[in-house]
Each structure stands twice: as C-alpha cells, then as structure tokens.
file work-v9.txt (compact mmCIF, C-alpha atoms and all ligand atoms)
# COMPACT_ATOMS: atom_id res chain seq x y z
CA MET A 1348 20.93 10.92 -19.15
CA GLU A 1349 18.05 8.92 -17.86
CA GLU A 1350 17.87 7.07 -21.17
CA GLN A 1351 21.07 5.14 -20.75
CA THR A 1352 19.37 2.14 -19.21
CA ASP A 1353 18.88 -0.19 -22.15
CA LYS A 1354 21.77 -2.47 -21.34
CA SER A 1355 19.76 -4.06 -18.58
CA ALA A 1356 16.42 -4.27 -20.36
CA LYS A 1357 15.24 -7.84 -20.50
CA SER A 1358 14.02 -9.14 -23.80
CA THR A 1359 11.30 -11.14 -22.10
CA THR A 1360 9.47 -8.04 -21.01
CA PRO A 1361 8.68 -6.03 -24.12
CA LYS A 1362 9.13 -2.39 -23.37
CA LYS A 1363 7.29 0.18 -25.31
CA LYS A 1364 9.50 3.06 -26.24
CA ALA A 1365 7.97 6.27 -25.05
CA ALA A 1366 7.13 8.95 -27.55
CA THR A 1367 8.93 11.46 -25.39
CA PRO A 1368 12.23 9.78 -24.62
CA GLY A 1369 13.63 10.56 -21.24
CA ARG A 1370 10.54 12.24 -19.88
CA SER A 1371 8.48 9.21 -18.98
CA ILE A 1372 9.18 6.47 -16.48
CA ASP A 1373 11.57 3.85 -17.85
CA ILE A 1374 12.53 1.94 -14.72
CA TYR A 1375 10.50 1.02 -11.68
CA ALA A 1376 12.24 0.30 -8.42
CA ALA A 1377 11.37 -0.42 -4.81
CA GLN A 1378 13.55 0.04 -1.77
CA CYS A 1379 14.11 -2.81 0.66
CA GLU A 1380 13.00 -1.91 4.13
CA LYS A 1381 15.81 -3.92 5.72
CA CYS A 1382 18.95 -3.22 3.70
CA LEU A 1383 17.74 -0.07 1.87
CA LYS A 1384 18.97 -1.37 -1.48
CA TRP A 1385 16.92 -0.58 -4.55
CA ARG A 1386 15.45 -3.45 -6.56
CA LYS A 1387 14.20 -3.12 -10.10
CA ILE A 1388 10.56 -4.00 -10.56
CA ASP A 1389 9.86 -5.41 -13.99
CA THR A 1390 6.43 -4.05 -14.80
CA GLN A 1391 4.25 -1.11 -13.96
CA GLU A 1392 1.54 -3.47 -12.79
CA GLU A 1393 3.86 -5.24 -10.37
CA TYR A 1394 5.19 -1.90 -9.18
CA GLU A 1395 1.70 -0.52 -8.56
CA GLU A 1396 0.81 -3.66 -6.64
CA ILE A 1397 3.79 -3.14 -4.33
CA ARG A 1398 3.12 0.58 -3.99
CA SER A 1399 -0.54 0.12 -3.12
CA ARG A 1400 0.21 -2.15 -0.16
CA ILE A 1401 3.63 -0.95 0.95
CA GLN A 1402 2.43 0.38 4.29
CA GLU A 1403 0.86 -2.93 5.35
CA ASP A 1404 3.32 -5.05 3.48
CA PRO A 1405 6.75 -3.39 3.26
CA PHE A 1406 9.00 -4.30 0.38
CA VAL A 1407 12.00 -6.50 1.12
CA CYS A 1408 14.58 -8.09 -1.19
CA ASP A 1409 13.18 -11.60 -0.62
CA LYS A 1410 10.05 -10.62 -2.51
CA LYS A 1411 12.03 -10.75 -5.72
CA GLN A 1412 12.55 -14.32 -6.76
CA GLY A 1413 16.00 -15.65 -5.93
CA MET A 1414 17.00 -12.36 -4.31
CA SER A 1415 18.10 -11.59 -0.78
CA CYS A 1416 19.58 -8.66 1.10
CA ARG A 1417 23.03 -10.19 0.52
CA ASP A 1418 22.82 -9.49 -3.21
CA ALA A 1419 24.12 -6.22 -4.58
CA GLY A 1420 21.51 -3.59 -5.31
CA ASP A 1421 20.03 -3.46 -8.82
CA ILE A 1422 20.24 0.26 -9.14
CA ASP A 1423 21.71 3.12 -7.13
CA TYR A 1424 20.01 6.29 -6.13
CA ASP A 1425 22.22 8.89 -7.76
CA SER A 1426 22.13 11.60 -10.36
CA THR A 1427 23.01 9.37 -13.33
CA ARG A 1428 19.26 9.33 -13.84
CA THR A 1429 16.42 11.48 -12.61
CA TRP A 1430 14.44 9.93 -9.78
CA VAL A 1431 10.86 10.55 -8.85
CA ILE A 1432 9.48 9.15 -5.62
CA ASP A 1433 5.87 8.07 -5.31
CA LYS A 1434 3.63 8.58 -2.37
CA PRO A 1435 3.12 5.19 -0.70
CA GLY A 1436 -0.30 3.59 -0.77
CA LEU A 1437 -1.56 5.00 -4.06
CA PRO A 1438 -4.21 2.71 -5.53
CA LYS A 1439 -3.57 0.33 -8.38
CA THR A 1440 -4.78 1.48 -11.76
CA PRO A 1441 -8.17 -0.09 -12.55
CA LYS A 1442 -8.10 -2.96 -15.03
CA GLY A 1443 -8.00 -1.94 -18.66
CA PHE A 1444 -6.80 1.56 -17.93
CA LYS A 1445 -3.23 2.78 -18.04
CA ARG A 1446 -1.71 5.46 -15.88
CA SER A 1447 0.92 7.62 -17.47
CA LEU A 1448 3.34 10.14 -16.04
CA VAL A 1449 5.24 12.70 -18.02
CA LEU A 1450 7.99 14.90 -16.69
CA ARG A 1451 7.78 18.55 -17.60
CA LYS A 1452 10.57 19.91 -19.80
CA ASP A 1453 11.91 22.04 -16.97
CA TYR A 1454 11.88 19.04 -14.58
CA SER A 1455 9.69 21.00 -12.19
CA LYS A 1456 7.05 18.30 -11.82
CA MET A 1457 5.31 15.35 -13.42
CA ASP A 1458 1.82 15.31 -14.86
CA ALA A 1459 -0.44 12.29 -14.52
CA TYR A 1460 -3.14 11.12 -16.89
CA TYR A 1461 -5.08 7.96 -17.57
CA ILE A 1462 -5.58 6.22 -20.88
CA THR A 1463 -8.91 4.46 -21.22
CA PRO A 1464 -9.33 0.99 -22.75
CA THR A 1465 -10.58 2.83 -25.83
CA GLY A 1466 -7.42 4.91 -26.06
CA LYS A 1467 -8.79 8.17 -24.75
CA LYS A 1468 -6.60 10.39 -22.59
CA LEU A 1469 -8.23 11.64 -19.39
CA ARG A 1470 -6.58 14.32 -17.30
CA THR A 1471 -9.03 15.06 -14.50
CA ARG A 1472 -11.32 13.21 -12.13
CA ASN A 1473 -14.32 14.87 -13.82
CA GLU A 1474 -13.28 13.53 -17.21
CA ILE A 1475 -12.98 10.07 -15.69
CA ALA A 1476 -16.40 10.27 -14.05
CA ALA A 1477 -17.92 11.37 -17.35
CA PHE A 1478 -16.19 8.56 -19.23
CA ILE A 1479 -17.39 5.88 -16.82
CA ASP A 1480 -20.85 7.35 -16.88
CA ALA A 1481 -20.96 7.17 -20.66
CA ASN A 1482 -19.32 3.73 -20.91
CA GLN A 1483 -21.21 1.35 -18.70
CA ASP A 1484 -18.76 -1.45 -19.52
CA TYR A 1485 -16.34 0.19 -17.10
CA LYS A 1486 -18.79 1.09 -14.40
CA ASN A 1487 -17.04 -1.35 -12.07
CA ALA A 1488 -13.86 0.68 -12.11
CA PRO A 1489 -13.89 2.42 -8.71
CA LEU A 1490 -13.64 6.16 -9.13
CA GLY A 1491 -11.50 6.36 -6.00
CA ASP A 1492 -8.85 4.22 -7.67
CA PHE A 1493 -8.07 6.97 -10.15
CA ASN A 1494 -5.52 9.15 -8.50
CA PHE A 1495 -3.69 12.17 -9.82
CA THR A 1496 -1.13 12.39 -7.05
CA VAL A 1497 2.17 12.62 -8.86
CA PRO A 1498 5.56 11.48 -7.59
CA LYS A 1499 8.00 14.01 -6.27
CA VAL A 1500 10.85 14.92 -8.60
CA MET A 1501 14.03 14.52 -6.58
CA GLU A 1502 15.90 17.75 -7.08
CA ASP A 1503 19.31 16.30 -6.34
CA THR A 1504 18.93 14.01 -9.36
CA VAL A 1505 17.86 16.64 -11.87
CA PRO A 1506 20.60 17.26 -14.45
CA CYS A 1507 22.69 20.34 -13.77
CA GLY A 1508 21.60 23.50 -15.48
CA VAL A 1509 18.03 22.43 -16.21
CA SER A 1510 16.45 24.79 -13.76
CA GLU A 1511 18.45 27.71 -15.08
CA ARG A 1512 17.16 27.14 -18.56
CA SER A 1513 13.69 28.43 -17.81
CA PRO A 1514 13.22 31.78 -19.52
CA LYS A 1515 13.92 34.75 -17.33
CA PRO A 1516 11.58 37.70 -17.49
CA SER A 1517 13.22 40.22 -19.78
CA LYS A 1518 13.77 43.19 -17.61
CA GLU A 1519 15.84 46.02 -18.85
CA ASN A 1520 17.32 47.74 -15.90
CA ASP A 1521 20.47 49.73 -16.02
ZN ZN A 1601 17.18 -6.07 1.36
call {"tool": "encode", "arguments": {"input": "work-v9.txt", "output": "structure tokens", "more": "lines below"}}
Ligand SMILES: [Zn+2]
result
Amino acid sequence: MEEQTDKSAKSTTPKKKAATPGRSIDIYAAQCEKCLKWRKIDTQEEYEEIRSRIQEDPFVCDKKQGMSCRDAGDIDYDSTRTWVIDKPGLPKTPKGFKRSLVLRKDYSKMDAYYITPTGKKLRTRNEIAAFIDANQDYKNAPLGDFNFTVPKVMEDTVPCGVSERSPKPSKEND
C-alpha cells in the first residue's frame, strides 16, 4: 500500500527505487508546528537537516518555498501508507555516508544501517569505529553523528492483518 505514491514523484529529483519495495522510506515529511499539516520534504538530506535542528528551529510551512499554512497539506497522516516517526534532534548523516532504514517484514520495527562511501554496509557503532580507524580519509566524520535510533512504526498505520501473520508456536492442546 505504501508504494502507491509515484503519481507525485517529481522528475527533477531522481529517486532510486529500493531493492525491497515498500519496506524502505519513500517519502519524507515534516509537520508544521503552527497548522499541523504535513509537508513533503524532497530529499533525505534536507529532511535530516530539518530533523537535526527541529527543537531549536521548529518546522513551519513557510520554510518550503512558496508555501504557507493556508495551502492544503501535501500528505495526510492515515493508514493509506505506513508511517514511521523519527525522534527529533537526531544528527545529520556524515558527508559521504548514507543512512538506510528497512522495515521488518512483520512491521514490528525498522533496522538502521550506514553505507560507507566505499559501499560497505555497517550495522553497529563498533563497525563504524573500525571503518573510520582503518580509513583515515573519513577520520573527520564524528563518531557521535552515527546514530542507530530508529523511528517508531506507527501501529495505527500498519496494514490490517500483518501482525497476525507472524507464525504462532505450534502447540497441540486438546
Ligand atoms: Zn503550517
């Protein structure tokens, strides 16, 4: 269900199709502090910038060019797609690296990992420390800016029936 978003994809921002359709993030949005409408944010980088400073610098509609609180919201919070809500203030991903989130098949939670500029997948802080240690080119990437805090999967937007699909322990009582 969360894949039916292509109609609004802009051709100016090339979007890479995820290898696991529907289980990675395909739309970024921020909520206006004043009118509570949701605005689409075009790129992950822009989104992370907003997220990292949202406590000091709350998001409002005017931050999107040509937009104000009088305009209709870009996207509604409802169960036509699955929403995950980030913790505010998470650091921006260090330059050259990419942060990826994948939703588990049972929608129970997301998993975070980083992809290095050399294409390596790192899943823990220790792996990141070891990578930076071994690759002095990236020694300026602050270790504290790698963060594995994952967004919360909003249960009321998980498709019906998903949670019941998890295998039940086969007990044979009579
Ligand atoms: Zn607004």
call {"tool": "residues_near_ligand", "arguments": {"input": "work-v9.txt", "ligand": "ligand ZN 1601 (chain A)", "cutoff": "10 Å", "atoms": "only C-alpha atoms and all ligand atoms", "output": "compact mmCIF listing (two decimals) with C-alpha atoms, keeping the file's coordinate frame"}}
result
# COMPACT_ATOMS: atom_id res chain seq x y z
CA GLN A 1378 13.55 0.04 -1.77
CA CYS A 1379 14.11 -2.81 0.66
CA GLU A 1380 13.00 -1.91 4.13
CA LYS A 1381 15.81 -3.92 5.72
CA CYS A 1382 18.95 -3.22 3.70
CA LEU A 1383 17.74 -0.07 1.87
CA LYS A 1384 18.97 -1.37 -1.48
CA TRP A 1385 16.92 -0.58 -4.55
CA ARG A 1386 15.45 -3.45 -6.56
CA PHE A 1406 9.00 -4.30 0.38
CA VAL A 1407 12.00 -6.50 1.12
CA CYS A 1408 14.58 -8.09 -1.19
CA ASP A 1409 13.18 -11.60 -0.62
CA LYS A 1410 10.05 -10.62 -2.51
CA LYS A 1411 12.03 -10.75 -5.72
CA MET A 1414 17.00 -12.36 -4.31
CA SER A 1415 18.10 -11.59 -0.78
CA CYS A 1416 19.58 -8.66 1.10
CA ARG A 1417 23.03 -10.19 0.52
CA ASP A 1418 22.82 -9.49 -3.21
CA ALA A 1419 24.12 -6.22 -4.58
CA GLY A 1420 21.51 -3.59 -5.31
call {"tool": "closest_residue", "arguments": {"input": "work-v9.txt", "among": "A:Glu1395, A:Lys1456, A:Glu1474, A:Gln1483", "to": "Arg1370 of chain A", "atoms": "only C-alpha atoms"}}
result
A:Lys1456
call {"tool": "closest_atom_pairs", "arguments": {"input": "work-v9.txt", "of": "segment 1373-1437 of chain A", "to": "segment 1491-1500 of chain A", "cutoff": "12 Å", "atoms": "all atoms listed in the file", "output": "tab-separated table"}}
result
residue	atom	partner	partner_atom	distance
A:Glu1395	CA	A:Asp1492	CA	11.6
A:Arg1398	CA	A:Pro1498	CA	11.7
A:Ser1399	CA	A:Asp1492	CA	10.3
A:Ser1426	CA	A:Val1500	CA	11.9
A:Arg1428	CA	A:Val1500	CA	11.4
A:Thr1429	CA	A:Val1500	CA	7.7
A:Trp1430	CA	A:Val1500	CA	6.3
A:Val1431	CA	A:Val1500	CA	4.4
A:Ile1432	CA	A:Pro1498	CA	5.0
A:Asp1433	CA	A:Pro1498	CA	4.1
A:Lys1434	CA	A:Pro1498	CA	6.3
A:Pro1435	CA	A:Pro1498	CA	9.6
A:Gly1436	CA	A:Thr1496	CA	10.8
A:Leu1437	CA	A:Asn1494	CA	7.3
call {"tool": "write_last_selection", "arguments": {"input": "work-v9.txt", "atoms": "C-alpha atoms", "output": "compact mmCIF listing (two decimals), in the frame of the given file"}}
result
# COMPACT_ATOMS: atom_id res chain seq x y z
CA GLU A 1395 1.70 -0.52 -8.56
CA ARG A 1398 3.12 0.58 -3.99
CA SER A 1399 -0.54 0.12 -3.12
CA SER A 1426 22.13 11.60 -10.36
CA ARG A 1428 19.26 9.33 -13.84
CA THR A 1429 16.42 11.48 -12.61
CA TRP A 1430 14.44 9.93 -9.78
CA VAL A 1431 10.86 10.55 -8.85
CA ILE A 1432 9.48 9.15 -5.62
CA ASP A 1433 5.87 8.07 -5.31
CA LYS A 1434 3.63 8.58 -2.37
CA PRO A 1435 3.12 5.19 -0.70
CA GLY A 1436 -0.30 3.59 -0.77
CA LEU A 1437 -1.56 5.00 -4.06
call {"tool": "atom_distance", "arguments": {"input": "work-v9.txt", "atom1": "atom CA of Ile1462 of chain A", "atom2": "atom CA of Lys1445 of chain A"}}
result
5.0 Å
call {"tool": "residues_around", "arguments": {"input": "work-v9.txt", "residues": "Glu1396 of chain A", "least_positions_apart": "5", "cutoff": "10 Å", "atoms": "all atoms listed in the file", "output": "PyMOL selection string"}}
result
chain A and resi 1390-1391+1401+1436-1440
call {"tool": "closest_residue", "arguments": {"input": "work-v9.txt", "among": "A:Thr1465, A:Ser1447, A:Thr1471, A:Thr1427", "to": "Cys1507 of chain A", "atoms": "all atoms listed in the file"}}
result
A:Thr1427
call {"tool": "build_atoms", "arguments": {"input": "work-v9.txt", "residues": "segment 1449-1482 of chain A", "atoms": "N, CA and C atoms", "output": "PDB file, keeping the file's coordinate frame"}}
result
ATOM      1  N   VAL A1449       4.288  12.033 -17.146  1.00  0.00           N
ATOM      2  CA  VAL A1449       5.240  12.700 -18.020  1.00  0.00           C
ATOM      3  C   VAL A1449       5.910  13.835 -17.244  1.00  0.00           C
ATOM      4  N   LEU A1450       7.214  13.870 -17.369  1.00  0.00           N
ATOM      5  CA  LEU A1450       7.990  14.900 -16.690  1.00  0.00           C
ATOM      6  C   LEU A1450       7.987  16.176 -17.533  1.00  0.00           C
ATOM      7  N   ARG A1451       7.741  17.277 -16.878  1.00  0.00           N
ATOM      8  CA  ARG A1451       7.780  18.550 -17.600  1.00  0.00           C
ATOM      9  C   ARG A1451       9.194  18.845 -18.098  1.00  0.00           C
ATOM     10  N   LYS A1452       9.273  19.613 -19.174  1.00  0.00           N
ATOM     11  CA  LYS A1452      10.570  19.910 -19.800  1.00  0.00           C
ATOM     12  C   LYS A1452      11.543  20.551 -18.824  1.00  0.00           C
ATOM     13  N   ASP A1453      11.027  21.355 -17.909  1.00  0.00           N
ATOM     14  CA  ASP A1453      11.910  22.040 -16.970  1.00  0.00           C
ATOM     15  C   ASP A1453      12.154  21.211 -15.700  1.00  0.00           C
ATOM     16  N   TYR A1454      11.687  19.966 -15.702  1.00  0.00           N
ATOM     17  CA  TYR A1454      11.880  19.040 -14.580  1.00  0.00           C
ATOM     18  C   TYR A1454      11.186  19.510 -13.297  1.00  0.00           C
ATOM     19  N   SER A1455      10.296  20.464 -13.408  1.00  0.00           N
ATOM     20  CA  SER A1455       9.690  21.000 -12.190  1.00  0.00           C
ATOM     21  C   SER A1455       8.723  20.026 -11.547  1.00  0.00           C
ATOM     22  N   LYS A1456       7.964  19.291 -12.373  1.00  0.00           N
ATOM     23  CA  LYS A1456       7.050  18.300 -11.820  1.00  0.00           C
ATOM     24  C   LYS A1456       6.601  17.323 -12.886  1.00  0.00           C
ATOM     25  N   MET A1457       5.889  16.291 -12.462  1.00  0.00           N
ATOM     26  CA  MET A1457       5.310  15.350 -13.420  1.00  0.00           C
ATOM     27  C   MET A1457       3.825  15.623 -13.531  1.00  0.00           C
ATOM     28  N   ASP A1458       3.254  15.225 -14.671  1.00  0.00           N
ATOM     29  CA  ASP A1458       1.820  15.310 -14.860  1.00  0.00           C
ATOM     30  C   ASP A1458       1.292  13.896 -15.057  1.00  0.00           C
ATOM     31  N   ALA A1459       0.155  13.624 -14.417  1.00  0.00           N
ATOM     32  CA  ALA A1459      -0.440  12.290 -14.520  1.00  0.00           C
ATOM     33  C   ALA A1459      -1.679  12.328 -15.406  1.00  0.00           C
ATOM     34  N   TYR A1460      -1.867  11.278 -16.184  1.00  0.00           N
ATOM     35  CA  TYR A1460      -3.140  11.120 -16.890  1.00  0.00           C
ATOM     36  C   TYR A1460      -3.426   9.642 -17.039  1.00  0.00           C
ATOM     37  N   TYR A1461      -4.676   9.343 -17.355  1.00  0.00           N
ATOM     38  CA  TYR A1461      -5.080   7.960 -17.570  1.00  0.00           C
ATOM     39  C   TYR A1461      -5.457   7.760 -19.022  1.00  0.00           C
ATOM     40  N   ILE A1462      -5.159   6.572 -19.534  1.00  0.00           N
ATOM     41  CA  ILE A1462      -5.580   6.220 -20.880  1.00  0.00           C
ATOM     42  C   ILE A1462      -6.652   5.146 -20.748  1.00  0.00           C
ATOM     43  N   THR A1463      -7.783   5.393 -21.353  1.00  0.00           N
ATOM     44  CA  THR A1463      -8.910   4.460 -21.220  1.00  0.00           C
ATOM     45  C   THR A1463      -8.677   3.243 -22.106  1.00  0.00           C
ATOM     46  N   PRO A1464      -9.456   2.165 -21.881  1.00  0.00           N
ATOM     47  CA  PRO A1464      -9.330   0.990 -22.750  1.00  0.00           C
ATOM     48  C   PRO A1464      -9.636   1.325 -24.210  1.00  0.00           C
ATOM     49  N   THR A1465     -10.295   2.424 -24.449  1.00  0.00           N
ATOM     50  CA  THR A1465     -10.580   2.830 -25.830  1.00  0.00           C
ATOM     51  C   THR A1465      -9.547   3.822 -26.355  1.00  0.00           C
ATOM     52  N   GLY A1466      -8.518   4.074 -25.567  1.00  0.00           N
ATOM     53  CA  GLY A1466      -7.420   4.910 -26.060  1.00  0.00           C
ATOM     54  C   GLY A1466      -7.582   6.400 -25.814  1.00  0.00           C
ATOM     55  N   LYS A1467      -8.570   6.761 -25.037  1.00  0.00           N
ATOM     56  CA  LYS A1467      -8.790   8.170 -24.750  1.00  0.00           C
ATOM     57  C   LYS A1467      -7.925   8.627 -23.573  1.00  0.00           C
ATOM     58  N   LYS A1468      -7.426   9.847 -23.656  1.00  0.00           N
ATOM     59  CA  LYS A1468      -6.600  10.390 -22.590  1.00  0.00           C
ATOM     60  C   LYS A1468      -7.462  11.224 -21.639  1.00  0.00           C
ATOM     61  N   LEU A1469      -7.421  10.891 -20.351  1.00  0.00           N
ATOM     62  CA  LEU A1469      -8.230  11.640 -19.390  1.00  0.00           C
ATOM     63  C   LEU A1469      -7.318  12.283 -18.355  1.00  0.00           C
ATOM     64  N   ARG A1470      -7.523  13.577 -18.138  1.00  0.00           N
ATOM     65  CA  ARG A1470      -6.580  14.320 -17.300  1.00  0.00           C
ATOM     66  C   ARG A1470      -7.156  14.779 -15.964  1.00  0.00           C
ATOM     67  N   THR A1471      -8.443  14.617 -15.777  1.00  0.00           N
ATOM     68  CA  THR A1471      -9.030  15.060 -14.500  1.00  0.00           C
ATOM     69  C   THR A1471     -10.034  14.016 -14.015  1.00  0.00           C
ATOM     70  N   ARG A1472     -10.349  14.112 -12.725  1.00  0.00           N
ATOM     71  CA  ARG A1472     -11.320  13.210 -12.130  1.00  0.00           C
ATOM     72  C   ARG A1472     -12.709  13.381 -12.788  1.00  0.00           C
ATOM     73  N   ASN A1473     -13.039  14.628 -13.153  1.00  0.00           N
ATOM     74  CA  ASN A1473     -14.320  14.870 -13.820  1.00  0.00           C
ATOM     75  C   ASN A1473     -14.397  14.165 -15.161  1.00  0.00           C
ATOM     76  N   GLU A1474     -13.299  14.197 -15.901  1.00  0.00           N
ATOM     77  CA  GLU A1474     -13.280  13.530 -17.210  1.00  0.00           C
ATOM     78  C   GLU A1474     -13.452  12.025 -17.023  1.00  0.00           C
ATOM     79  N   ILE A1475     -12.876  11.497 -15.950  1.00  0.00           N
ATOM     80  CA  ILE A1475     -12.980  10.070 -15.690  1.00  0.00           C
ATOM     81  C   ILE A1475     -14.420   9.701 -15.314  1.00  0.00           C
ATOM     82  N   ALA A1476     -15.012  10.510 -14.446  1.00  0.00           N
ATOM     83  CA  ALA A1476     -16.400  10.270 -14.050  1.00  0.00           C
ATOM     84  C   ALA A1476     -17.312  10.293 -15.269  1.00  0.00           C
ATOM     85  N   ALA A1477     -17.090  11.250 -16.148  1.00  0.00           N
ATOM     86  CA  ALA A1477     -17.920  11.370 -17.350  1.00  0.00           C
ATOM     87  C   ALA A1477     -17.721  10.167 -18.263  1.00  0.00           C
ATOM     88  N   PHE A1478     -16.478   9.711 -18.378  1.00  0.00           N
ATOM     89  CA  PHE A1478     -16.190   8.560 -19.230  1.00  0.00           C
ATOM     90  C   PHE A1478     -16.889   7.304 -18.707  1.00  0.00           C
ATOM     91  N   ILE A1479     -16.795   7.077 -17.408  1.00  0.00           N
ATOM     92  CA  ILE A1479     -17.390   5.880 -16.820  1.00  0.00           C
ATOM     93  C   ILE A1479     -18.912   5.938 -16.930  1.00  0.00           C
ATOM     94  N   ASP A1480     -19.418   7.129 -16.758  1.00  0.00           N
ATOM     95  CA  ASP A1480     -20.850   7.350 -16.880  1.00  0.00           C
ATOM     96  C   ASP A1480     -21.341   6.999 -18.284  1.00  0.00           C
ATOM     97  N   ALA A1481     -20.547   7.361 -19.273  1.00  0.00           N
ATOM     98  CA  ALA A1481     -20.960   7.170 -20.660  1.00  0.00           C
ATOM     99  C   ALA A1481     -20.613   5.775 -21.182  1.00  0.00           C
ATOM    100  N   ASN A1482     -19.758   5.054 -20.449  1.00  0.00           N
ATOM    101  CA  ASN A1482     -19.320   3.730 -20.910  1.00  0.00           C
ATOM    102  C   ASN A1482     -19.583   2.717 -19.804  1.00  0.00           C
TER     103      ASN A1482
END
